[in-house]
Amino acid sequence: MRTGCTAVLSVPMGGIVSTAEDHTLRLWQVADGCLRQVLIGHTDIVTAYAFSPDGQLIASVSTDTRLKVWDLSSLSHSQTSTGCCVANFPLETILYDCAWSPDGQHLAAVGRGGVYVFRFIGC
């Protein structure tokens, strides 16, 4: 079964992140084109993601109605990992996009039900 890519974005540490219909986020190293990490945890299509201003966290939203925050500094050397999901916000609507505030203390997600803003206190 082939799965389509749903988003691609460059990342602060010299790579790219892609999402796919297989419910994952994939971190790639641009220099050698190698897959470095697969983050597993959503149960439906990941629709968007955003890096925190310091580049240490990545937020992801999905049609599974969840906003998740991953700690990139805690990723293992194993290529496939559940990663360290440090926050999981279950909502009651499909989510389409997310963004961090410039100070990294707030996280917004947009879905069918409107805009949701969370205060993120950190790891």
# chains A, B, ... in the order shown; residues from 1 in each chain; ligands from 1
$ residues_around --residues "Arg112 (chain A)" --least-positions-apart "2" --cutoff "12 Å" --atoms "only C-alpha atoms" --output "list of chain:residue names"
A:Ser62, A:Thr63, A:Thr65, A:Leu91, A:Glu92, A:Thr93, A:Ile94, A:Leu95, A:Tyr96, A:Asp97, A:Ala109, A:Val110, A:Gly114, A:Val115, A:Tyr116
$ write_last_selection --atoms "C-alpha atoms" --output "PDB file, in the first residue's frame"
ATOM      1  CA  SER A  62      -4.230  15.320  12.878  1.00  0.00           C
ATOM      2  CA  THR A  63      -7.630  14.242  11.695  1.00  0.00           C
ATOM      3  CA  THR A  65      -8.594  15.251  16.686  1.00  0.00           C
ATOM      4  CA  LEU A  91     -10.141  17.902  21.037  1.00  0.00           C
ATOM      5  CA  GLU A  92     -13.518  17.126  19.550  1.00  0.00           C
ATOM      6  CA  THR A  93     -12.813  18.272  16.007  1.00  0.00           C
ATOM      7  CA  ILE A  94     -10.570  17.453  13.082  1.00  0.00           C
ATOM      8  CA  LEU A  95      -7.500  19.711  13.184  1.00  0.00           C
ATOM      9  CA  TYR A  96      -5.959  21.370  10.135  1.00  0.00           C
ATOM     10  CA  ASP A  97      -3.070  23.546  11.285  1.00  0.00           C
ATOM     11  CA  ALA A 109      -4.563  24.828  16.589  1.00  0.00           C
ATOM     12  CA  VAL A 110      -7.316  25.412  14.050  1.00  0.00           C
ATOM     13  CA  GLY A 114     -12.579  27.117  15.456  1.00  0.00           C
ATOM     14  CA  VAL A 115      -9.241  28.163  16.919  1.00  0.00           C
ATOM     15  CA  TYR A 116      -7.926  26.601  20.130  1.00  0.00           C
TER      16      TYR A 116
END
$ residues_around --residues "Trp70 (chain A)" --least-positions-apart "4" --cutoff "8 Å" --atoms "only C-alpha atoms" --output "list in words"
Leu57, Ile58, Ala59, Gly83, Cys84, Cys85, Val86 and Ala87 of chain A
$ residues_around --residues "Ala108 (chain A)" --least-positions-apart "6" --cutoff "7 Å" --atoms "only C-alpha atoms" --output "list in words"
Cys98, Ala99, Trp100, Val115, Tyr116, Val117 and Phe118 of chain A
$ residues_around --residues "Asp44 (chain A)" --least-positions-apart "5" --cutoff "12 Å" --atoms "only C-alpha atoms" --output "PyMOL selection string"
chain A and resi 6+19-25+60-67+94-95
$ atom_distance --atom1 "CA of Arg119 (chain A)" --atom2 "CA of Val69 (chain A)"
12.2 Å
$ closest_residue --among "A:Ser18, A:Gly113, A:Leu107, A:Asn88" --to "Ile45 (chain A)" --atoms "only C-alpha atoms"
A:Ser18
$ select_by_dssp --residues "region 12-106 of chain A" --states "strand (DSSP E or B)" --output "JSON, numbers by chain"
{"A": [15, 16, 17, 18, 19, 20, 24, 25, 26, 27, 28, 29, 35, 36, 37, 38, 39, 40, 46, 47, 48, 49, 50, 51, 57, 58, 59, 60, 61, 62, 66, 67, 68, 69, 70, 71, 80, 81, 85, 86, 87, 88, 89, 90, 95, 96, 97, 98, 99, 100, 106]}
$ atom_distance --atom1 "CA of Ala31 (chain A)" --atom2 "CA of Leu72 (chain A)"
18.8 Å
$ residues_around --residues "Gln29 (chain A)" --least-positions-apart "3" --cutoff "7 Å" --atoms "only C-alpha atoms" --output "JSON, numbers by chain"
{"A": [14, 15, 16, 32, 33, 34, 35, 36]}
